[in-house]
$ cat protein-v8.csv   # CSV, C-alpha atoms
chain,number,residue,atom,x,y,z
G,28,MET,CA,18.1,131.4,-5.5
G,29,LYS,CA,14.8,130.4,-3.8
G,30,ILE,CA,11.9,128.8,-5.6
G,31,ALA,CA,8.3,128.5,-4.5
G,32,ILE,CA,6.4,125.5,-5.8
G,33,MET,CA,2.6,125.9,-6.1
G,34,LEU,CA,0.4,122.9,-5.6
G,35,GLY,CA,-3.4,122.6,-5.5
G,36,THR,CA,-4.7,119.4,-7.0
G,37,ARG,CA,-3.6,115.8,-7.6
G,38,PRO,CA,-2.4,116.4,-11.2
G,39,GLU,CA,-0.2,119.3,-10.1
G,40,ILE,CA,1.4,117.1,-7.5
G,41,ILE,CA,2.3,114.6,-10.3
G,42,LYS,CA,3.5,117.4,-12.6
G,43,MET,CA,5.7,118.9,-9.8
G,44,TRP,CA,7.0,115.6,-8.4
G,45,SER,CA,10.2,115.5,-10.5
G,46,ILE,CA,10.9,119.2,-10.0
G,47,ILE,CA,10.7,119.0,-6.2
G,48,HIS,CA,13.0,115.9,-6.3
G,49,GLN,CA,15.4,117.8,-8.6
G,50,LEU,CA,15.5,120.8,-6.2
G,51,HIS,CA,16.0,118.5,-3.2
G,52,GLU,CA,18.8,116.5,-4.9
G,53,GLN,CA,20.7,119.7,-5.8
G,54,LYS,CA,20.2,121.0,-2.3
G,55,LEU,CA,18.5,124.2,-3.7
G,56,ASP,CA,16.3,126.4,-1.5
G,57,TYR,CA,12.6,125.8,-2.1
G,58,LEU,CA,9.3,125.9,-0.4
G,59,ILE,CA,6.0,124.2,-1.2
G,60,ILE,CA,2.7,126.1,-1.0
G,61,HIS,CA,-0.4,123.8,-1.2
G,62,THR,CA,-3.7,125.6,-1.6
G,63,ASN,CA,-5.5,122.3,-1.0
G,64,GLN,CA,-7.9,123.2,-3.9
G,65,HIS,CA,-9.1,119.6,-3.6
G,66,TYR,CA,-10.1,119.4,0.0
G,67,SER,CA,-10.6,115.7,0.1
G,68,PRO,CA,-7.7,113.8,1.8
G,69,ASN,CA,-8.1,111.0,-0.8
G,70,MET,CA,-7.5,113.5,-3.6
G,71,ASN,CA,-4.2,114.8,-2.2
G,72,ASP,CA,-2.7,113.4,1.0
G,73,VAL,CA,-2.3,109.9,-0.4
G,74,PHE,CA,-0.3,111.3,-3.3
G,75,PHE,CA,2.3,113.0,-1.1
G,76,GLN,CA,2.7,109.7,0.8
G,77,SER,CA,2.9,107.4,-2.3
G,78,LEU,CA,5.3,109.7,-4.2
G,79,ASP,CA,7.5,110.2,-1.2
G,80,LEU,CA,7.2,114.0,-1.3
G,81,PRO,CA,7.9,116.3,1.7
G,82,LEU,CA,4.8,117.8,3.3
G,83,PRO,CA,4.0,121.3,2.2
G,84,HIS,CA,5.5,124.2,4.1
G,85,TYR,CA,2.2,125.9,3.8
G,86,ASN,CA,-1.3,124.4,3.5
G,87,LEU,CA,-4.0,127.1,2.7
G,88,HIS,CA,-7.0,124.8,3.0
G,89,VAL,CA,-8.9,126.9,0.4
G,90,GLY,CA,-11.2,124.0,-0.4
G,91,SER,CA,-14.1,124.0,-2.8
G,92,ASP,CA,-15.9,127.2,-3.9
G,93,THR,CA,-16.8,129.1,-7.0
G,94,GLN,CA,-13.8,130.0,-9.3
G,95,GLY,CA,-13.9,133.7,-8.5
G,96,LYS,CA,-14.0,133.2,-4.7
G,97,GLN,CA,-11.4,130.5,-4.8
G,98,ILE,CA,-8.9,132.6,-6.8
G,99,ALA,CA,-9.5,135.7,-4.7
G,100,LEU,CA,-8.8,133.8,-1.5
G,101,MET,CA,-5.8,132.1,-2.9
G,102,LEU,CA,-4.4,135.5,-4.2
G,103,THR,CA,-4.7,137.0,-0.7
G,104,LYS,CA,-3.1,134.1,1.2
G,105,ILE,CA,-0.4,133.4,-1.4
G,106,LYS,CA,0.7,137.1,-1.4
G,107,GLU,CA,1.1,137.0,2.3
G,108,ILE,CA,3.4,134.0,2.1
G,109,LEU,CA,5.4,135.3,-0.8
G,110,GLU,CA,6.0,138.6,1.0
G,111,LYS,CA,7.2,136.7,4.0
G,112,GLU,CA,9.4,134.1,2.2
G,113,LYS,CA,10.6,136.3,-0.6
G,114,PRO,CA,11.3,133.6,-3.3
G,115,ASP,CA,13.1,134.6,-6.5
G,116,CYS,CA,10.7,132.5,-8.7
G,117,VAL,CA,7.3,130.9,-8.3
G,118,MET,CA,6.7,127.7,-10.3
G,119,VAL,CA,3.1,126.8,-11.3
G,120,ALA,CA,1.9,123.9,-13.4
G,121,GLY,CA,-1.2,123.3,-15.5
G,122,ASP,CA,-4.5,125.1,-15.7
G,123,THR,CA,-6.1,125.2,-12.3
G,124,ASN,CA,-7.3,128.1,-10.1
G,125,THR,CA,-4.1,127.5,-8.0
G,126,VAL,CA,-2.0,128.2,-11.1
G,127,LEU,CA,-3.7,131.5,-11.8
G,128,GLY,CA,-3.8,132.5,-8.2
G,129,GLY,CA,-0.1,131.9,-7.7
G,130,ALA,CA,0.8,133.7,-11.0
G,131,LEU,CA,-1.3,136.7,-10.1
G,132,ALA,CA,0.2,136.9,-6.6
G,133,ALA,CA,3.8,136.6,-7.9
G,134,SER,CA,3.2,139.1,-10.7
G,135,GLN,CA,1.9,141.7,-8.3
G,136,LEU,CA,5.0,141.4,-6.2
G,137,GLY,CA,7.4,141.4,-9.1
G,138,ILE,CA,8.5,137.8,-8.6
G,139,LYS,CA,9.5,135.7,-11.6
G,140,ILE,CA,7.0,133.1,-12.7
G,141,ALA,CA,7.7,129.8,-14.4
G,142,HIS,CA,4.8,128.0,-16.0
G,143,VAL,CA,5.1,124.3,-16.4
G,144,GLU,CA,3.0,123.0,-19.4
G,145,ALA,CA,2.9,126.4,-21.0
G,146,GLY,CA,1.1,126.9,-24.3
G,147,LEU,CA,-1.5,124.2,-24.1
G,148,ARG,CA,-4.7,125.3,-25.8
G,149,SER,CA,-8.1,123.7,-26.3
G,150,PHE,CA,-9.4,126.8,-28.2
G,151,ASP,CA,-12.6,126.6,-26.1
G,152,SER,CA,-12.9,129.8,-24.2
G,153,THR,CA,-15.9,128.5,-22.3
G,154,MET,CA,-13.6,126.3,-20.3
G,155,PRO,CA,-12.2,128.1,-17.1
G,156,GLU,CA,-9.0,126.0,-17.5
G,157,GLU,CA,-8.4,127.6,-20.9
G,158,ILE,CA,-8.6,131.1,-19.5
G,159,ASN,CA,-6.4,130.2,-16.5
G,160,ARG,CA,-3.7,128.9,-19.0
G,161,ILE,CA,-3.8,131.9,-21.2
G,162,LEU,CA,-3.6,134.5,-18.4
G,163,THR,CA,-0.8,132.5,-16.7
G,164,ASP,CA,1.2,132.2,-19.9
G,165,HIS,CA,1.1,136.0,-20.5
G,166,LEU,CA,2.2,136.7,-16.9
G,167,SER,CA,5.1,134.3,-17.0
G,168,ASP,CA,8.8,134.8,-17.5
G,169,TYR,CA,9.6,131.2,-18.2
G,170,LEU,CA,7.2,129.3,-20.4
G,171,PHE,CA,8.1,125.6,-20.3
G,172,ALA,CA,6.4,124.1,-23.4
G,173,PRO,CA,6.1,120.3,-23.7
G,174,THR,CA,6.5,120.3,-27.6
G,175,LYS,CA,6.8,122.6,-30.6
G,176,THR,CA,3.0,122.7,-30.9
G,177,GLN,CA,2.7,124.7,-27.7
G,178,GLU,CA,5.6,127.0,-28.8
G,179,LYS,CA,3.6,127.8,-32.0
G,180,HIS,CA,0.6,128.7,-29.9
G,181,LEU,CA,2.6,131.1,-27.7
G,182,ILE,CA,4.4,132.8,-30.5
G,183,TYR,CA,1.1,133.3,-32.3
G,184,GLU,CA,-0.2,135.0,-29.2
G,185,GLY,CA,2.8,137.4,-29.1
G,186,VAL,CA,4.9,135.8,-26.4
G,187,SER,CA,8.6,136.6,-26.8
G,188,PRO,CA,10.4,133.5,-28.1
G,189,GLN,CA,13.2,134.2,-25.6
G,190,LYS,CA,10.8,133.2,-22.8
G,191,ILE,CA,9.8,129.9,-24.4
G,192,HIS,CA,11.7,126.7,-23.7
G,193,ILE,CA,10.7,123.3,-25.2
G,194,VAL,CA,11.5,120.8,-22.6
G,195,GLY,CA,9.0,117.9,-22.7
G,196,ASN,CA,6.5,117.2,-19.9
G,197,THR,CA,7.1,116.4,-16.3
G,198,VAL,CA,4.3,113.9,-16.5
G,199,ALA,CA,6.7,111.7,-18.5
G,200,ASP,CA,9.3,112.1,-15.7
G,201,ALA,CA,6.9,110.8,-13.2
G,202,VAL,CA,5.5,107.9,-15.3
G,203,LEU,CA,8.9,106.7,-16.6
G,204,GLU,CA,10.5,106.9,-13.1
G,205,HIS,CA,7.7,104.9,-11.5
G,206,LEU,CA,7.2,102.2,-14.0
G,207,LYS,CA,9.3,99.9,-11.9
G,208,ASP,CA,7.2,100.6,-8.9
G,209,ILE,CA,3.9,99.6,-10.5
G,210,LYS,CA,5.5,96.2,-11.3
G,211,LYS,CA,6.1,95.4,-7.7
G,212,ILE,CA,2.5,95.0,-6.7
G,213,ASP,CA,-0.4,93.7,-8.8
G,214,TYR,CA,-3.4,95.8,-7.9
G,215,LEU,CA,-5.8,94.2,-10.4
G,216,PRO,CA,-7.0,91.3,-8.1
G,217,LYS,CA,-7.9,93.9,-5.4
G,218,HIS,CA,-10.6,95.2,-7.8
G,219,SER,CA,-11.4,91.8,-9.4
G,220,LEU,CA,-9.9,93.0,-12.7
G,221,GLN,CA,-7.8,91.1,-15.3
G,222,LYS,CA,-5.3,92.6,-17.7
G,223,GLN,CA,-6.8,93.8,-21.0
G,224,GLU,CA,-10.3,92.8,-19.8
G,225,TYR,CA,-11.6,96.1,-18.5
G,226,PHE,CA,-12.1,99.7,-19.5
G,227,LEU,CA,-10.8,102.5,-17.3
G,228,ILE,CA,-13.0,105.6,-16.9
G,229,THR,CA,-12.3,109.1,-15.6
G,230,ILE,CA,-14.8,111.9,-15.9
G,231,HIS,CA,-14.4,115.0,-13.9
G,232,ARG,CA,-14.3,118.1,-16.1
G,233,ALA,CA,-16.8,120.8,-15.2
G,234,GLU,CA,-18.2,121.0,-18.8
G,235,ASN,CA,-19.1,117.3,-18.5
G,236,THR,CA,-20.1,117.0,-14.9
G,237,ASP,CA,-22.0,120.3,-14.4
G,238,ASN,CA,-24.2,119.8,-17.5
G,239,LYS,CA,-26.9,117.3,-16.8
G,240,GLU,CA,-27.5,116.5,-20.5
G,241,ARG,CA,-23.8,115.9,-21.2
G,242,LEU,CA,-23.3,113.8,-18.0
G,243,GLN,CA,-26.5,111.8,-18.9
G,244,LYS,CA,-25.1,111.1,-22.4
G,245,LEU,CA,-21.8,109.9,-21.0
G,246,LEU,CA,-23.5,107.5,-18.6
G,247,LYS,CA,-25.6,106.3,-21.4
G,248,SER,CA,-22.5,105.7,-23.4
G,249,LEU,CA,-20.9,103.7,-20.7
G,250,GLU,CA,-24.1,101.6,-20.6
G,251,LYS,CA,-23.8,100.9,-24.3
G,252,VAL,CA,-20.1,100.0,-24.0
G,253,TYR,CA,-20.9,97.4,-21.4
G,254,GLN,CA,-23.8,96.1,-23.5
G,255,LYS,CA,-21.5,95.7,-26.5
G,256,TYR,CA,-18.3,94.3,-24.9
G,257,GLY,CA,-19.6,92.8,-21.6
G,258,GLU,CA,-16.5,93.8,-19.7
G,259,THR,CA,-16.1,95.8,-16.5
G,260,LEU,CA,-15.9,99.6,-16.7
G,261,PHE,CA,-13.8,100.6,-13.7
G,262,TYR,CA,-14.4,104.1,-12.6
G,263,PRO,CA,-12.4,105.8,-9.8
G,264,ILE,CA,-14.9,108.6,-9.3
G,265,HIS,CA,-14.1,112.2,-8.7
G,266,PRO,CA,-16.0,113.7,-5.7
G,267,ARG,CA,-17.5,116.4,-7.9
G,268,THR,CA,-18.9,113.9,-10.4
G,269,LYS,CA,-20.3,111.8,-7.6
G,270,LYS,CA,-22.1,114.8,-6.2
G,271,ARG,CA,-23.5,115.9,-9.5
G,272,ILE,CA,-24.8,112.4,-10.3
G,273,ALA,CA,-26.7,112.5,-7.0
G,274,GLU,CA,-28.0,116.1,-7.6
G,275,PHE,CA,-29.2,115.2,-11.1
G,276,LYS,CA,-30.7,112.0,-9.8
G,277,LEU,CA,-28.9,109.9,-12.4
G,278,LYS,CA,-28.1,106.2,-12.2
G,279,ILE,CA,-24.8,104.4,-12.5
G,280,PRO,CA,-25.2,102.0,-15.4
G,281,THR,CA,-24.8,98.3,-15.1
G,282,GLY,CA,-21.3,97.1,-15.6
G,283,VAL,CA,-19.7,100.3,-14.1
G,284,ILE,CA,-17.7,99.6,-10.9
G,285,LEU,CA,-17.1,102.7,-8.8
G,286,SER,CA,-14.1,103.2,-6.5
G,287,ASP,CA,-12.6,106.0,-4.4
G,288,PRO,CA,-9.7,107.9,-6.0
G,289,LEU,CA,-6.6,105.7,-6.1
G,290,ASP,CA,-3.0,106.3,-5.2
G,291,TYR,CA,-0.6,107.1,-8.0
G,292,PHE,CA,1.0,103.7,-8.6
G,293,GLU,CA,-2.3,101.9,-8.5
G,294,PHE,CA,-3.8,104.3,-11.0
G,295,LEU,CA,-0.8,104.0,-13.3
G,296,GLN,CA,-1.1,100.2,-13.3
G,297,LEU,CA,-4.8,100.4,-14.1
G,298,ILE,CA,-4.0,102.7,-17.1
G,299,LYS,CA,-1.3,100.4,-18.3
G,300,ASP,CA,-3.3,97.2,-18.2
G,301,ALA,CA,-6.7,98.6,-19.4
G,302,LYS,CA,-8.2,97.6,-22.8
G,303,VAL,CA,-9.0,101.3,-23.5
G,304,VAL,CA,-9.0,104.4,-21.3
G,305,LEU,CA,-12.1,106.7,-21.6
G,306,THR,CA,-11.3,110.1,-20.1
G,307,ASP,CA,-11.9,113.8,-20.1
G,308,SER,CA,-8.6,114.4,-18.3
G,309,GLY,CA,-5.6,115.9,-20.1
G,310,GLY,CA,-3.1,114.3,-17.8
G,311,VAL,CA,-4.6,110.9,-18.2
G,312,GLN,CA,-4.4,111.3,-22.0
G,313,GLU,CA,-0.6,111.9,-21.6
G,314,GLU,CA,-0.2,109.0,-19.2
G,315,ALA,CA,-2.1,106.6,-21.5
G,316,CYS,CA,0.1,107.8,-24.4
G,317,ILE,CA,3.3,107.2,-22.5
G,318,LEU,CA,2.1,103.8,-21.3
G,319,ARG,CA,0.9,102.9,-24.8
G,320,THR,CA,-2.7,102.3,-23.8
G,321,PRO,CA,-5.4,103.4,-26.4
G,322,CYS,CA,-7.3,106.5,-25.2
G,323,VAL,CA,-10.7,107.8,-26.1
G,324,THR,CA,-11.2,111.4,-25.0
G,325,LEU,CA,-14.8,112.3,-23.8
G,326,ARG,CA,-14.6,115.9,-24.9
G,327,ASP,CA,-15.0,118.0,-28.0
G,328,ASN,CA,-11.4,119.1,-28.0
G,329,THR,CA,-8.0,118.5,-26.4
G,330,GLU,CA,-5.0,120.4,-25.3
G,331,ARG,CA,-2.9,117.4,-26.2
G,332,PRO,CA,-3.3,117.2,-30.0
G,333,GLU,CA,0.0,115.3,-30.3
G,334,THR,CA,-1.7,112.3,-28.8
G,335,VAL,CA,-4.3,112.3,-31.6
G,336,GLU,CA,-1.7,113.0,-34.3
G,337,ILE,CA,0.4,109.9,-33.4
G,338,GLY,CA,-2.6,107.6,-33.1
G,339,ALA,CA,-2.6,107.2,-29.3
G,340,ASN,CA,-5.9,109.1,-28.8
G,341,ILE,CA,-9.2,110.0,-30.5
G,342,ILE,CA,-11.6,112.8,-29.7
G,343,ALA,CA,-15.1,111.3,-29.2
G,344,GLY,CA,-17.3,114.0,-27.6
G,345,THR,CA,-20.3,112.7,-25.6
G,346,LYS,CA,-22.5,111.1,-28.2
G,347,PRO,CA,-22.8,107.3,-27.5
G,348,SER,CA,-22.6,106.4,-31.2
G,349,LYS,CA,-19.3,108.4,-31.7
G,350,ILE,CA,-17.9,107.0,-28.5
G,351,LEU,CA,-18.6,103.4,-29.5
G,352,LYS,CA,-17.1,104.0,-33.0
G,353,SER,CA,-14.0,105.6,-31.4
G,354,ILE,CA,-13.5,102.7,-29.0
G,355,LYS,CA,-13.5,100.3,-32.0
G,356,ILE,CA,-10.9,102.3,-33.8
G,357,MET,CA,-8.6,102.5,-30.8
G,358,MET,CA,-9.0,98.8,-29.9
G,359,GLU,CA,-7.7,98.0,-33.4
G,360,SER,CA,-4.7,100.4,-33.0
G,361,LYS,CA,-1.2,98.9,-33.0
G,362,ARG,CA,0.1,100.6,-29.8
G,363,ASP,CA,3.4,101.3,-31.5
G,364,TRP,CA,3.4,105.1,-31.2
G,365,ILE,CA,6.3,107.0,-29.7
G,366,SER,CA,5.5,109.4,-26.9
G,367,PRO,CA,6.2,113.0,-27.8
G,368,PHE,CA,6.5,114.1,-24.1
G,369,GLY,CA,10.1,113.7,-23.5
G,370,ASP,CA,12.7,111.2,-22.1
G,371,GLY,CA,12.2,111.7,-18.3
G,372,ASN,CA,14.6,114.6,-17.9
G,373,THR,CA,12.2,117.5,-18.2
G,374,ALA,CA,12.6,118.7,-14.6
G,375,GLN,CA,16.4,118.8,-14.8
G,376,LYS,CA,16.2,120.9,-17.9
G,377,MET,CA,13.8,123.4,-16.3
G,378,VAL,CA,15.9,123.8,-13.1
G,379,GLU,CA,19.1,124.3,-15.2
G,380,ILE,CA,17.4,127.0,-17.3
G,381,ILE,CA,16.3,128.9,-14.2
G,382,GLN,CA,19.6,128.4,-12.4
G,383,HIS,CA,21.6,129.7,-15.5
G,384,ASP,CA,19.5,132.8,-15.7
G,385,PHE,CA,19.8,133.7,-12.1
G,386,LYS,CA,23.6,132.9,-12.0
G,387,ASN,CA,24.2,135.0,-15.2
G,388,LYS,CA,21.6,137.7,-14.5
G,389,THR,CA,20.0,137.1,-17.9
G,390,ILE,CA,16.5,136.9,-16.6
G,391,ALA,CA,13.7,138.0,-18.9
G,392,PRO,CA,11.8,141.2,-18.0
G,393,ASN,CA,8.5,140.9,-16.1
G,394,LYS,CA,6.3,142.4,-18.8
G,395,GLN,CA,5.6,140.9,-22.2
G,396,GLU,CA,7.5,142.6,-24.9
$ encode --input "protein-v8.csv" --output "structure tokens"
Amino acid sequence: MKIAIMLGTRPEIIKMWSIIHQLHEQKLDYLIIHTNQHYSPNMNDVFFQSLDLPLPHYNLHVGSDTQGKQIALMLTKIKEILEKEKPDCVMVAGDTNTVLGGALAASQLGIKIAHVEAGLRSFDSTMPEEINRILTDHLSDYLFAPTKTQEKHLIYEGVSPQKIHIVGNTVADAVLEHLKDIKKIDYLPKHSLQKQEYFLITIHRAENTDNKERLQKLLKSLEKVYQKYGETLFYPIHPRTKKRIAEFKLKIPTGVILSDPLDYFEFLQLIKDAKVVLTDSGGVQEEACILRTPCVTLRDNTERPETVEIGANIIAGTKPSKILKSIKIMMESKRDWISPFGDGNTAQKMVEIIQHDFKNKTIAPNKQE
């Protein structure tokens, strides 16, 4: 059995970390294909180093472009590699263009597809990520759902229950395994921060950054947060957001401290020790939940409704008044919730399921029933 692992962005590297280590430990045959969807070395290379991951066998250097062009280029290049390497299964994770490009290439060649984080839905069809997830789910043979919520979404859409496996989330694998590492070095003094005396900000989603009015509202909200609490808003800024702020001629509010993207351990510590996390990232919502840091989501929806249901997260949108109200609510939360994303053994479960099917030749058919 040979497995191809698709990577394209920093979140995918985190999601696939435990799977790659599991394959390596079991001495299973695998290869890593990295589309380099984020072309900035800071967005990717530093993560391979800090997470002690092997370098990709293939780096496609696709870089930044429109969604259509990016997926078309990925599809062509990935198909060439898959035809050469002949893997038995392609594993993709999340909702990026790399995920859909990898799934399309594998599907066209009749190669089995395993989707890590299957079934997540925002129910907002204007988001490219939503379409990527839906299409990938309906192409996949193994749908690894984090919780029962995603299983319900998939069954409602007509996916065969035999293809769905509730296994938890590999983000929990990575966070729980590396908790000990973030205790070795205190990164806060490097940024002149103190525990529980700063807000951590991440804003990178296209629906927020590519819309001038929404981005302006979010920056105004950050200004009001600083005016009310007088504490630093630390913001490791995404290259796309930085570019849009310059294009729209917007100003960074007083109290907001910008930094380049951080390595994984540094970023985890900043999540763990923050007063509140304000984010539009799905992965950061999960990480904050696992680390028991209150989260305010700067979107109108979330693919992680479990975080809201257990009181770890609140959906605030982009209106300053709603964001301020949401921060107050989360600051008063007890931080006693239990993470719904698993016990750190998700990757092991996934690999065992795929191994069992190939060993016993009980592999699901390529087409949806």
$ residues_around --input "protein-v8.csv" --residues "Tyr214 (chain G)" --least-positions-apart "4" --cutoff "8 Å" --atoms "only C-alpha atoms" --output "CSV table (one decimal) with C-alpha atoms, keeping the file's coordinate frame"
chain,number,residue,atom,x,y,z
G,218,HIS,CA,-10.6,95.2,-7.8
G,293,GLU,CA,-2.3,101.9,-8.5
G,296,GLN,CA,-1.1,100.2,-13.3
G,297,LEU,CA,-4.8,100.4,-14.1
$ residues_around --input "protein-v8.csv" --residues "Lys386 (chain G)" --least-positions-apart "5" --cutoff "12 Å" --atoms "all atoms listed in the file" --output "list in words"
Met28, Asp115, Val378, Glu379, Ile380 and Ile381 of chain G
$ residues_near_point --input "protein-v8.csv" --point "(-20.9, 110.8, -28.5)" --cutoff "10 Å" --atoms "only C-alpha atoms" --output "JSON, numbers by chain"
{"G": [241, 244, 245, 247, 248, 325, 326, 327, 342, 343, 344, 345, 346, 347, 348, 349, 350, 351, 352, 353]}
$ closest_residue --input "protein-v8.csv" --among "G:Ser286, G:Tyr57, G:Asp168, G:Ala339" --to "Glu112 (chain G)" --atoms "only C-alpha atoms"
G:Tyr57
$ atom_distance --input "protein-v8.csv" --atom1 "CA of Ile284 (chain G)" --atom2 "CA of Thr259 (chain G)"
7.0 Å
$ residues_around --input "protein-v8.csv" --residues "region 135-141 of chain G" --least-positions-apart "2" --cutoff "7 Å" --atoms "only C-alpha atoms" --output "mmCIF file with C-alpha atoms, in the frame of the given file"
data_model
loop_
_atom_site.group_PDB
_atom_site.id
_atom_site.type_symbol
_atom_site.label_atom_id
_atom_site.label_comp_id
_atom_site.auth_asym_id
_atom_site.auth_seq_id
_atom_site.Cartn_x
_atom_site.Cartn_y
_atom_site.Cartn_z
ATOM 1 C CA ASP G 115 13.100 134.600 -6.500
ATOM 2 C CA CYS G 116 10.700 132.500 -8.700
ATOM 3 C CA VAL G 117 7.300 130.900 -8.300
ATOM 4 C CA MET G 118 6.700 127.700 -10.300
ATOM 5 C CA VAL G 119 3.100 126.800 -11.300
ATOM 6 C CA ALA G 130 0.800 133.700 -11.000
ATOM 7 C CA LEU G 131 -1.300 136.700 -10.100
ATOM 8 C CA ALA G 132 0.200 136.900 -6.600
ATOM 9 C CA ALA G 133 3.800 136.600 -7.900
ATOM 10 C CA VAL G 143 5.100 124.300 -16.400
ATOM 11 C CA SER G 167 5.100 134.300 -17.000
ATOM 12 C CA ASP G 168 8.800 134.800 -17.500
ATOM 13 C CA TYR G 169 9.600 131.200 -18.200
ATOM 14 C CA LEU G 170 7.200 129.300 -20.400
ATOM 15 C CA ASN G 393 8.500 140.900 -16.100
#
$ atom_distance --input "protein-v8.csv" --atom1 "CA of Lys29 (chain G)" --atom2 "CA of Gln76 (chain G)"
24.4 Å
$ residues_around --input "protein-v8.csv" --residues "Lys104 (chain G)" --least-positions-apart "4" --cutoff "8 Å" --atoms "only C-alpha atoms" --output "JSON, numbers by chain"
{"G": [87, 100, 108]}
$ atom_distance --input "protein-v8.csv" --atom1 "CA of Asp370 (chain G)" --atom2 "CA of Val194 (chain G)"
9.7 Å
$ closest_residue --input "protein-v8.csv" --among "G:Arg148, G:Lys111, G:Lys96, G:Lys255" --to "Gly128 (chain G)" --atoms "all atoms listed in the file"
G:Lys96
$ closest_residue --input "protein-v8.csv" --among "G:Thr163, G:Lys388, G:Ala374, G:Ile356" --to "Leu50 (chain G)" --atoms "only C-alpha atoms"
G:Ala374
$ residues_near_point --input "protein-v8.csv" --point "(-1.1, 123.9, -12.8)" --cutoff "9 Å" --atoms "all atoms listed in the file" --output "ChimeraX atom specification"
/G:33-36,38-40,42-43,119-127,142-144,160
$ residues_around --input "protein-v8.csv" --residues "Ser77 (chain G)" --least-positions-apart "5" --cutoff "12 Å" --atoms "all atoms listed in the file" --output "list in words"
Arg37, Ile40, Ile41, Trp44, Asn69, Asn71, Asp72, Leu82, His205, Asp208, Ile209, Leu289, Asp290, Tyr291, Phe292, Glu293 and Phe294 of chain G
$ closest_residue --input "protein-v8.csv" --among "G:Leu249, G:Phe74, G:Ser219, G:Glu240" --to "Phe275 (chain G)" --atoms "only C-alpha atoms"
G:Glu240
$ closest_residue --input "protein-v8.csv" --among "G:Glu157, G:Asp307, G:Asp213, G:Asp164" --to "Thr229 (chain G)" --atoms "all atoms listed in the file"
G:Asp307
$ decode --input "protein-v8.csv" --residues "region 315-326 of chain G" --atoms "N, CA and C atoms" --output "PDB file, in the first residue's frame"
ATOM      1  N   ALA G 315      -7.781  26.990  19.672  1.00  0.00           N
ATOM      2  CA  ALA G 315      -8.171  27.744  20.864  1.00  0.00           C
ATOM      3  C   ALA G 315      -9.067  26.896  21.761  1.00  0.00           C
ATOM      4  N   CYS G 316      -9.968  26.144  21.157  1.00  0.00           N
ATOM      5  CA  CYS G 316     -10.866  25.272  21.911  1.00  0.00           C
ATOM      6  C   CYS G 316     -10.070  24.222  22.671  1.00  0.00           C
ATOM      7  N   ILE G 317      -9.127  23.581  22.001  1.00  0.00           N
ATOM      8  CA  ILE G 317      -8.317  22.532  22.624  1.00  0.00           C
ATOM      9  C   ILE G 317      -7.472  23.101  23.759  1.00  0.00           C
ATOM     10  N   LEU G 318      -6.971  24.335  23.581  1.00  0.00           N
ATOM     11  CA  LEU G 318      -6.111  24.970  24.582  1.00  0.00           C
ATOM     12  C   LEU G 318      -6.905  25.753  25.626  1.00  0.00           C
ATOM     13  N   ARG G 319      -8.229  25.717  25.512  1.00  0.00           N
ATOM     14  CA  ARG G 319      -9.140  26.388  26.455  1.00  0.00           C
ATOM     15  C   ARG G 319      -8.900  27.902  26.533  1.00  0.00           C
ATOM     16  N   THR G 320      -8.741  28.495  25.373  1.00  0.00           N
ATOM     17  CA  THR G 320      -8.672  29.953  25.265  1.00  0.00           C
ATOM     18  C   THR G 320      -9.949  30.447  24.594  1.00  0.00           C
ATOM     19  N   PRO G 321     -10.662  31.401  25.194  1.00  0.00           N
ATOM     20  CA  PRO G 321     -11.904  31.899  24.597  1.00  0.00           C
ATOM     21  C   PRO G 321     -11.667  32.441  23.183  1.00  0.00           C
ATOM     22  N   CYS G 322     -12.603  32.156  22.301  1.00  0.00           N
ATOM     23  CA  CYS G 322     -12.450  32.531  20.891  1.00  0.00           C
ATOM     24  C   CYS G 322     -13.660  33.340  20.425  1.00  0.00           C
ATOM     25  N   VAL G 323     -13.389  34.391  19.644  1.00  0.00           N
ATOM     26  CA  VAL G 323     -14.429  35.174  18.981  1.00  0.00           C
ATOM     27  C   VAL G 323     -14.180  35.055  17.482  1.00  0.00           C
ATOM     28  N   THR G 324     -15.152  34.516  16.754  1.00  0.00           N
ATOM     29  CA  THR G 324     -14.991  34.281  15.324  1.00  0.00           C
ATOM     30  C   THR G 324     -15.498  35.472  14.525  1.00  0.00           C
ATOM     31  N   LEU G 325     -14.620  36.027  13.703  1.00  0.00           N
ATOM     32  CA  LEU G 325     -14.915  37.233  12.929  1.00  0.00           C
ATOM     33  C   LEU G 325     -15.497  36.866  11.569  1.00  0.00           C
ATOM     34  N   ARG G 326     -16.564  36.098  11.607  1.00  0.00           N
ATOM     35  CA  ARG G 326     -17.289  35.671  10.410  1.00  0.00           C
ATOM     36  C   ARG G 326     -18.761  35.587  10.760  1.00  0.00           C
TER      37      ARG G 326
END
